[in-house]
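Participant: Input: one structure, supplied below.
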Amino acid sequence: MEGNANLYAVLAEGFPSDRHQVAIQTPEQAYSWNDIEAMSGRVASLLHALQLPAGSRVAVQVEKSPMALMLYLGTIRAGLVYLPLNTAYKASEVEYFLTDAEPAVIVCDSKNLGWVTDLAQKTGTPHVHTLDADGSGSLAAAAASASENFQTVQSQPDDLAAILYTSGTTGRSKGAMLSHRNLSSNAQVLKEYWGWHSDDVLLHMLPIFHVHGLFVASHGALLAGAKMIWLPKLDIDQALAYLPESTVMMGVPTYYVRLLADPRFTREVCRNMRLFISGSAPLLHETFNEFKDRTGHTILERYGMSETIMLTSNPYEADAGERLGGTVGRPLPGVSVRVVDENDEGVAVGTIGNVQVKGPNVFSGYWRMPEKTREEFTADGWFRTGDMGLFGGEGVPDDYLTIVGRSKDLIISGGYNVYPKEVELLIDALPGVNESAVIGVPDPDFGEAVVAVVVPKEGGTLDADAMLTALKQDLANFKVPKRIHFVPELVRNTMGKVQKNALRDQYK
Ligand code: MLC
Ligand code: AMP
């Protein structure tokens with residue numbers, strides 16, 4: 001449809017004219033571009049028939065499958081707001097999202113139907129559907145009798161397309177509101193910047209409940225009319241089997257660390273690859289260098305976040321400059337990035353400061369948190385990323401950004417964000433605990449690993465295993481500390497603040 005700002009309409013402009021070609025290949029089955037249109041059309045028809053008010057949320061906590069992607073695309077086509085949830089989240093975590101977002105529909109795995117139905121009743125979510133990893137469930141059953149011919153709803157650029165929850169430093173998650181414009185502008189910029197074309201084959205192994213797998217990877221292939229090899233998760237055997245027929249792969253650093261750990265990962269396996277992209281967490285120099293030595297490929301590192309999608313990237317084209325390990329490259333076309341001091345004044349090249357950004361990709365605010373939104377934007381509209389960085393520096397061109405740390409207390413483990421406060425609150429609530437500090441320590445596989453330093457109540461002793469079992473009831477596994485250390489007291493500064501840097505040094 002001409003002039004439709006709906007993200008699906010924008011993506012579909014890139015679909016190939018021959019819609020019989022394979023768009024999605026799983027180990028079991030191939031789906032054509034016609035299938036994408038028909039399956040997403042059926043989901044959209046089904047959702048449309050519910051006659052939900054514009055802007056209604058569709059919350060989704062399901063395993064990755066082609067049908068899960070169709071659910072995403074169908075939601076967008078129907079003009080509704082997609083709200084993906086990490087499959088690792090436990091009932092108490094999901095309850096918060098449902099209470100906060102008040103979705104009209106929730107789609108879950110059938111194994112969770114019991115507790116999700118209870119939560120839906122408690123939080124007033126009227127429609128509950130199931131979708132399992134094999135594509136079966138009540139959603140697919142209902143969609144099968146809905147029409148595949150659905151005219152994508154006409155959307156305005158600023159209409160909401162998705163809400164991505166990103167944990168807050170206070171322990172309360174915030175829903176980043178992303179519009180059709182945010183998503184489509186970023187997809188279009190990345191298509192050009194990374195040289196996507198219809199002959200590409202994307203090896204898609206990332207989860208699709210975060211920006212990286214759902215938007216950056218999927219949109220790239222869809223908009224280019226390129227095929228995706230669609231695997232449910234990172235599996236090194238499968239990655240090695242499919243890499244020879246792939247041209248593009250995206251991953252968090254752990255993906256590259258795990259590939260390199262396997263001696264079967266060779267130059268020969270990568271013979272058709274043109275681009276390896278890394279992001280969501282810092283890629284270590286040693287991974288970057290070892291990868292180059294082993295494969296002859298230079299990983300392209302880029303930087304982004306849920307609130308902004310992609311912000312900066314190392315160059316793709318050889319004549320545009322070198323891909324420099326440890327840096328996240330230049331601001332993408334149309335994106336402005338500045339590094340400022342605590343007064344929001346720009347600092348000189350080579351000086352570390354706070355990273356702030358602006359652009360058509362930057363979200364409009366946090367769902368129902370006007371205060372928080374105001375705090376995170378400057379008066380002149382720059383978004384405070386919470387990351388610390390610098391332009392230039394030794395041996396680095398002045399327009400390349402390097403991320404050196406975060407002003408927000410955040411751990412990134414295997415590409416998943418863990419906010420220490422959330423874990424500390426749960427630990428502190430366990431019997432026998434006086435107080436705790438949760439820190440990230442270097443980990444060869446996950447980059448950072450979550451570790452808890454716990455002070456027992458006076459005269460008491462605690463059992464780490466029992467604490468971990470208790471934590472796993474309410475906390476996604478990736479947030480659960482890999483280790484607990486017991487100490488008589490936590491080191492504090494003169495202001496009474498726990499010195500996490502000292503703890504990080506001690507327990508690294
Ligand atoms: C799984 N576990 C993790 C973990 N993933 N623990 C810490 N950190 C993680 N990331 C837990 C498991 O539940 C299990 O616990 C134990 O660790 C061992 O699991 P595993 O078998 O080694 O994990 P695996 O299933 O292989 O998953 C690891 C992974 C996965 C790296 C493949 O975490 C992953 O795909 N991460 C990608 C995250 C991502 O897409 N991030 C993008 C965010 S978007 P137990 O207790 O069961 O033994 C964003 C913006 C941007 O940040 O810029 O892109
Ligand atoms: P999320 O909130 O899950 O979207 O995570 C976004 C955060 O991931 C950013 O604010 C950064 O702290 C971090 N991040 C993303 N990409 C990179 C990168 N290439 N290098 C370092 N940190 C990154």
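As shown in the structure tokens, the chain order sets the letters A, B, ...; within each chain, residues go from 1, and ligands are also counted from 1 in the order they appear.
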List the neighbours of Asp35 in chain A out to 9 Å using only C-alpha atoms; skip same-chain residues closer than 5 positions along the sequence, and give me the result as number ranges by chain.
Facilitator: A: 19-20, 23, 40
Participant: Restricting it to N, CA, C and O atoms, dump the selection as an mmCIF file, in the first residue's frame.
Facilitator:
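The resulting file, again_29.cif, is reproduced below:
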data_model
loop_
_atom_site.group_PDB
_atom_site.id
_atom_site.type_symbol
_atom_site.label_atom_id
_atom_site.label_comp_id
_atom_site.auth_asym_id
_atom_site.auth_seq_id
_atom_site.Cartn_x
_atom_site.Cartn_y
_atom_site.Cartn_z
ATOM 1 N N ARG A 19 7.583 -14.558 -5.255
ATOM 2 C CA ARG A 19 7.231 -14.883 -3.864
ATOM 3 C C ARG A 19 7.255 -16.385 -3.576
ATOM 4 O O ARG A 19 6.943 -16.811 -2.479
ATOM 5 N N HIS A 20 7.611 -17.160 -4.631
ATOM 6 C CA HIS A 20 7.717 -18.613 -4.390
ATOM 7 C C HIS A 20 9.082 -18.987 -3.831
ATOM 8 O O HIS A 20 9.287 -20.106 -3.363
ATOM 9 N N ALA A 23 11.973 -18.090 1.815
ATOM 10 C CA ALA A 23 12.269 -16.942 2.679
ATOM 11 C C ALA A 23 12.852 -17.416 4.006
ATOM 12 O O ALA A 23 13.751 -16.793 4.561
ATOM 13 N N SER A 40 1.271 -14.497 8.165
ATOM 14 C CA SER A 40 1.145 -13.263 8.952
ATOM 15 C C SER A 40 -0.235 -12.648 8.704
ATOM 16 O O SER A 40 -0.836 -12.038 9.603
#
Participant: For ligand 2, collect every residue having any atom at a distance of at most 7 Å from a ligand atom (counting only C-alpha atoms and all ligand atoms); output as a list in words.
Facilitator: Thr166, Val211, Ser278, Gly279, Ser280, Ala281, Pro282, Leu283, Glu301, Arg302, Tyr303, Gly304, Met305, Ser306, Glu307, Val328, Thr385, Gly386, Asp387, Ile403, Arg406, Tyr416 and Asn417 of chain A
Participant: Just N, CA, C and O atoms for this one: save the residues we selected as a PDB file, in the first residue's frame.
Facilitator:
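File selection-v8.pdb, as written:
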ATOM      1  N   THR A 166      13.046  -3.095  29.349  1.00  0.00           N
ATOM      2  CA  THR A 166      14.458  -3.099  29.669  1.00  0.00           C
ATOM      3  C   THR A 166      14.542  -2.762  31.156  1.00  0.00           C
ATOM      4  O   THR A 166      13.876  -1.831  31.613  1.00  0.00           O
ATOM      5  N   VAL A 211      15.886  -6.757  20.797  1.00  0.00           N
ATOM      6  CA  VAL A 211      16.210  -5.941  19.630  1.00  0.00           C
ATOM      7  C   VAL A 211      17.110  -6.663  18.609  1.00  0.00           C
ATOM      8  O   VAL A 211      16.874  -6.602  17.408  1.00  0.00           O
ATOM      9  N   SER A 278      28.795  -8.379  15.426  1.00  0.00           N
ATOM     10  CA  SER A 278      28.702  -8.630  16.867  1.00  0.00           C
ATOM     11  C   SER A 278      28.163  -7.390  17.569  1.00  0.00           C
ATOM     12  O   SER A 278      28.464  -6.264  17.183  1.00  0.00           O
ATOM     13  N   GLY A 279      27.391  -7.626  18.624  1.00  0.00           N
ATOM     14  CA  GLY A 279      26.871  -6.513  19.409  1.00  0.00           C
ATOM     15  C   GLY A 279      26.140  -7.001  20.628  1.00  0.00           C
ATOM     16  O   GLY A 279      26.108  -8.201  20.909  1.00  0.00           O
ATOM     17  N   SER A 280      25.560  -6.071  21.357  1.00  0.00           N
ATOM     18  CA  SER A 280      24.798  -6.261  22.599  1.00  0.00           C
ATOM     19  C   SER A 280      25.695  -6.280  23.829  1.00  0.00           C
ATOM     20  O   SER A 280      25.206  -6.138  24.949  1.00  0.00           O
ATOM     21  N   ALA A 281      26.976  -6.497  23.636  1.00  0.00           N
ATOM     22  CA  ALA A 281      27.948  -6.535  24.738  1.00  0.00           C
ATOM     23  C   ALA A 281      29.321  -6.331  24.116  1.00  0.00           C
ATOM     24  O   ALA A 281      29.493  -6.561  22.913  1.00  0.00           O
ATOM     25  N   PRO A 282      30.313  -5.923  24.936  1.00  0.00           N
ATOM     26  CA  PRO A 282      31.635  -5.672  24.356  1.00  0.00           C
ATOM     27  C   PRO A 282      32.292  -6.949  23.830  1.00  0.00           C
ATOM     28  O   PRO A 282      32.284  -7.982  24.498  1.00  0.00           O
ATOM     29  N   LEU A 283      32.851  -6.837  22.636  1.00  0.00           N
ATOM     30  CA  LEU A 283      33.590  -7.957  22.048  1.00  0.00           C
ATOM     31  C   LEU A 283      35.053  -7.793  22.467  1.00  0.00           C
ATOM     32  O   LEU A 283      35.651  -6.743  22.230  1.00  0.00           O
ATOM     33  N   GLU A 301      31.762  -4.807  14.625  1.00  0.00           N
ATOM     34  CA  GLU A 301      31.071  -4.553  15.891  1.00  0.00           C
ATOM     35  C   GLU A 301      30.243  -3.289  15.794  1.00  0.00           C
ATOM     36  O   GLU A 301      30.669  -2.278  15.249  1.00  0.00           O
ATOM     37  N   ARG A 302      29.037  -3.395  16.315  1.00  0.00           N
ATOM     38  CA  ARG A 302      28.126  -2.241  16.323  1.00  0.00           C
ATOM     39  C   ARG A 302      27.544  -2.072  17.714  1.00  0.00           C
ATOM     40  O   ARG A 302      27.715  -2.927  18.595  1.00  0.00           O
ATOM     41  N   TYR A 303      26.862  -0.939  17.930  1.00  0.00           N
ATOM     42  CA  TYR A 303      26.365  -0.610  19.269  1.00  0.00           C
ATOM     43  C   TYR A 303      24.921  -0.122  19.180  1.00  0.00           C
ATOM     44  O   TYR A 303      24.572   0.613  18.257  1.00  0.00           O
ATOM     45  N   GLY A 304      24.120  -0.576  20.129  1.00  0.00           N
ATOM     46  CA  GLY A 304      22.733  -0.122  20.159  1.00  0.00           C
ATOM     47  C   GLY A 304      22.099  -0.454  21.483  1.00  0.00           C
ATOM     48  O   GLY A 304      22.770  -0.882  22.422  1.00  0.00           O
ATOM     49  N   MET A 305      20.806  -0.245  21.561  1.00  0.00           N
ATOM     50  CA  MET A 305      20.070  -0.609  22.773  1.00  0.00           C
ATOM     51  C   MET A 305      18.579  -0.676  22.490  1.00  0.00           C
ATOM     52  O   MET A 305      18.123  -0.229  21.425  1.00  0.00           O
ATOM     53  N   SER A 306      17.829  -1.212  23.451  1.00  0.00           N
ATOM     54  CA  SER A 306      16.392  -1.405  23.229  1.00  0.00           C
ATOM     55  C   SER A 306      15.702  -0.078  22.914  1.00  0.00           C
ATOM     56  O   SER A 306      14.763  -0.035  22.120  1.00  0.00           O
ATOM     57  N   GLU A 307      16.137   0.988  23.548  1.00  0.00           N
ATOM     58  CA  GLU A 307      15.473   2.279  23.384  1.00  0.00           C
ATOM     59  C   GLU A 307      15.758   2.934  22.037  1.00  0.00           C
ATOM     60  O   GLU A 307      15.093   3.898  21.665  1.00  0.00           O
ATOM     61  N   VAL A 328      33.119   0.777  18.513  1.00  0.00           N
ATOM     62  CA  VAL A 328      31.814   0.447  17.922  1.00  0.00           C
ATOM     63  C   VAL A 328      31.557   1.295  16.676  1.00  0.00           C
ATOM     64  O   VAL A 328      30.438   1.376  16.189  1.00  0.00           O
ATOM     65  N   THR A 385      22.080   7.530  27.266  1.00  0.00           N
ATOM     66  CA  THR A 385      22.139   6.072  27.101  1.00  0.00           C
ATOM     67  C   THR A 385      22.528   5.336  28.383  1.00  0.00           C
ATOM     68  O   THR A 385      22.259   4.149  28.512  1.00  0.00           O
ATOM     69  N   GLY A 386      23.237   6.061  29.299  1.00  0.00           N
ATOM     70  CA  GLY A 386      23.752   5.366  30.489  1.00  0.00           C
ATOM     71  C   GLY A 386      25.080   4.674  30.211  1.00  0.00           C
ATOM     72  O   GLY A 386      25.648   4.030  31.084  1.00  0.00           O
ATOM     73  N   ASP A 387      25.556   4.795  28.967  1.00  0.00           N
ATOM     74  CA  ASP A 387      26.867   4.222  28.627  1.00  0.00           C
ATOM     75  C   ASP A 387      27.919   5.317  28.668  1.00  0.00           C
ATOM     76  O   ASP A 387      27.644   6.477  28.390  1.00  0.00           O
ATOM     77  N   ILE A 403      32.988   2.281  23.560  1.00  0.00           N
ATOM     78  CA  ILE A 403      32.225   2.199  24.815  1.00  0.00           C
ATOM     79  C   ILE A 403      33.182   1.651  25.867  1.00  0.00           C
ATOM     80  O   ILE A 403      33.770   0.585  25.674  1.00  0.00           O
ATOM     81  N   ARG A 406      29.718   1.725  31.853  1.00  0.00           N
ATOM     82  CA  ARG A 406      28.342   2.188  32.002  1.00  0.00           C
ATOM     83  C   ARG A 406      28.209   2.992  33.279  1.00  0.00           C
ATOM     84  O   ARG A 406      28.814   2.634  34.289  1.00  0.00           O
ATOM     85  N   TYR A 416      22.514 -10.811  27.688  1.00  0.00           N
ATOM     86  CA  TYR A 416      21.300 -10.501  28.455  1.00  0.00           C
ATOM     87  C   TYR A 416      21.654  -9.520  29.563  1.00  0.00           C
ATOM     88  O   TYR A 416      22.663  -9.690  30.259  1.00  0.00           O
ATOM     89  N   ASN A 417      20.778  -8.532  29.756  1.00  0.00           N
ATOM     90  CA  ASN A 417      21.035  -7.539  30.802  1.00  0.00           C
ATOM     91  C   ASN A 417      20.509  -8.013  32.143  1.00  0.00           C
ATOM     92  O   ASN A 417      19.385  -8.504  32.233  1.00  0.00           O
TER      93      ASN A 417
END
Participant: Residues within 9 Å of ligand 1, counting only C-alpha atoms and all ligand atoms: report them as number ranges by chain.
Facilitator: A: 88, 205-214, 216, 233-235, 251-255, 258, 278-281, 302-311, 412-418, 445-450, 472, 476-482
Participant: Could the residues in this selection be written to a file with C-alpha atoms, as an mmCIF file, in the first residue's frame?
Facilitator:
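Generated output (result.cif):
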data_model
loop_
_atom_site.group_PDB
_atom_site.id
_atom_site.type_symbol
_atom_site.label_atom_id
_atom_site.label_comp_id
_atom_site.auth_asym_id
_atom_site.auth_seq_id
_atom_site.Cartn_x
_atom_site.Cartn_y
_atom_site.Cartn_z
ATOM 1 C CA ALA A 88 13.438 -17.414 30.716
ATOM 2 C CA MET A 205 20.306 -18.144 15.719
ATOM 3 C CA LEU A 206 19.501 -15.280 18.093
ATOM 4 C CA PRO A 207 16.428 -15.221 20.312
ATOM 5 C CA ILE A 208 13.586 -13.089 18.952
ATOM 6 C CA PHE A 209 12.458 -11.381 22.140
ATOM 7 C CA HIS A 210 15.138 -8.673 22.018
ATOM 8 C CA VAL A 211 16.210 -5.941 19.630
ATOM 9 C CA HIS A 212 19.153 -7.893 18.222
ATOM 10 C CA GLY A 213 17.371 -10.991 16.909
ATOM 11 C CA LEU A 214 13.889 -9.572 16.371
ATOM 12 C CA VAL A 216 18.291 -5.976 13.596
ATOM 13 C CA LYS A 233 18.922 -21.105 19.331
ATOM 14 C CA LEU A 234 22.676 -21.125 19.220
ATOM 15 C CA ASP A 235 23.781 -24.691 18.628
ATOM 16 C CA GLY A 251 25.596 -12.797 17.368
ATOM 17 C CA VAL A 252 26.444 -11.565 20.821
ATOM 18 C CA PRO A 253 30.145 -12.062 21.686
ATOM 19 C CA THR A 254 29.423 -15.446 23.346
ATOM 20 C CA TYR A 255 28.416 -16.792 19.903
ATOM 21 C CA ARG A 258 31.792 -20.590 21.344
ATOM 22 C CA SER A 278 28.702 -8.630 16.867
ATOM 23 C CA GLY A 279 26.871 -6.513 19.409
ATOM 24 C CA SER A 280 24.798 -6.261 22.599
ATOM 25 C CA ALA A 281 27.948 -6.535 24.738
ATOM 26 C CA ARG A 302 28.126 -2.241 16.323
ATOM 27 C CA TYR A 303 26.365 -0.610 19.269
ATOM 28 C CA GLY A 304 22.733 -0.122 20.159
ATOM 29 C CA MET A 305 20.070 -0.609 22.773
ATOM 30 C CA SER A 306 16.392 -1.405 23.229
ATOM 31 C CA GLU A 307 15.473 2.279 23.384
ATOM 32 C CA THR A 308 17.247 3.192 20.159
ATOM 33 C CA ILE A 309 17.836 0.057 18.104
ATOM 34 C CA MET A 310 21.176 0.537 16.294
ATOM 35 C CA LEU A 311 23.259 3.648 16.896
ATOM 36 C CA ILE A 412 25.589 -7.952 30.582
ATOM 37 C CA SER A 413 25.870 -11.728 30.653
ATOM 38 C CA GLY A 414 25.878 -13.529 27.319
ATOM 39 C CA GLY A 415 24.072 -10.523 25.828
ATOM 40 C CA TYR A 416 21.300 -10.501 28.455
ATOM 41 C CA ASN A 417 21.035 -7.539 30.802
ATOM 42 C CA VAL A 418 20.896 -8.157 34.510
ATOM 43 C CA ASP A 445 31.944 -17.659 27.981
ATOM 44 C CA PHE A 446 29.338 -15.058 28.992
ATOM 45 C CA GLY A 447 31.668 -12.025 29.039
ATOM 46 C CA GLU A 448 30.391 -11.184 32.501
ATOM 47 C CA ALA A 449 28.965 -13.578 35.075
ATOM 48 C CA VAL A 450 26.581 -12.645 37.855
ATOM 49 C CA LYS A 472 15.347 -19.782 40.706
ATOM 50 C CA ALA A 476 15.052 -16.035 35.106
ATOM 51 C CA ASN A 477 18.014 -18.452 35.161
ATOM 52 C CA PHE A 478 20.410 -16.052 33.454
ATOM 53 C CA LYS A 479 19.937 -13.582 36.330
ATOM 54 C CA VAL A 480 20.625 -16.169 39.044
ATOM 55 C CA PRO A 481 24.158 -15.738 40.462
ATOM 56 C CA LYS A 482 26.656 -18.281 39.187
#
Participant: Excluding Thr130 in chain A and any residue of its chain fewer than 5 positions from it, enumerate the residues within 12 Å of it, using only C-alpha atoms, and give them as a ChimeraX atom specification.
Facilitator: /A:59-63,67-68,71,105-114,116-117,135-143
Participant: In Å to one decimal, how far is CA of Thr373 in chain A from CA of Asn6 in chain A?
Facilitator: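 About the pair CA of Asn6 in chain A and CA of Thr373 in chain A: they are 24.7 Å apart.
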Participant: Using only C-alpha atoms, can you tell me which of A:Lys122, A:Lys191, A:Lys408, A:Arg330 comes closest to Asn314 in chain A?
Facilitator: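 Using only C-alpha atoms, the shortest distance to Asn314 in chain A belongs to A:Arg330.
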Participant: Nearest residue to Ala320 in chain A out of A:Trp194, A:Pro84, A:Arg384, A:Leu462, using only C-alpha atoms?
Facilitator: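 Of all the options, A:Trp194 lies closest to Ala320 in chain A.
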Participant: Using DSSP secondary structure from the backbone, list all strand (DSSP E or B) positions within range 173-306 of chain A, as a list of chain:residue names.
Facilitator: A:Lys174, A:Gly175, A:Ala176, A:Met177, A:Leu178, A:Ser179, A:Val201, A:Leu202, A:Leu203, A:His204, A:Lys227, A:Met228, A:Ile229, A:Trp230, A:Val248, A:Met249, A:Met250, A:Gly251, A:Leu275, A:Phe276, A:Ile277, A:Ser278, A:Leu300, A:Glu301, A:Arg302, A:Tyr303, A:Gly304, A:Met305
Participant: For each of A:Glu93, A:Leu202, A:Val396, A:Asp158, take the minimum atom-to-atom distance to Gly321 in chain A, counting only C-alpha atoms, then give the residue where this is smallest.
Facilitator: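 Closest to Gly321 in chain A of all the choices is A:Val396.
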Participant: DSSP on the backbone, then: every residue of range 70-293 of chain A marked alpha helix (DSSP H), written as a PyMOL selection string.
Facilitator: chain A and resi 70-77+91-101+113-123+138-144+180-193+211+218-224+236-242+253-260+285-293
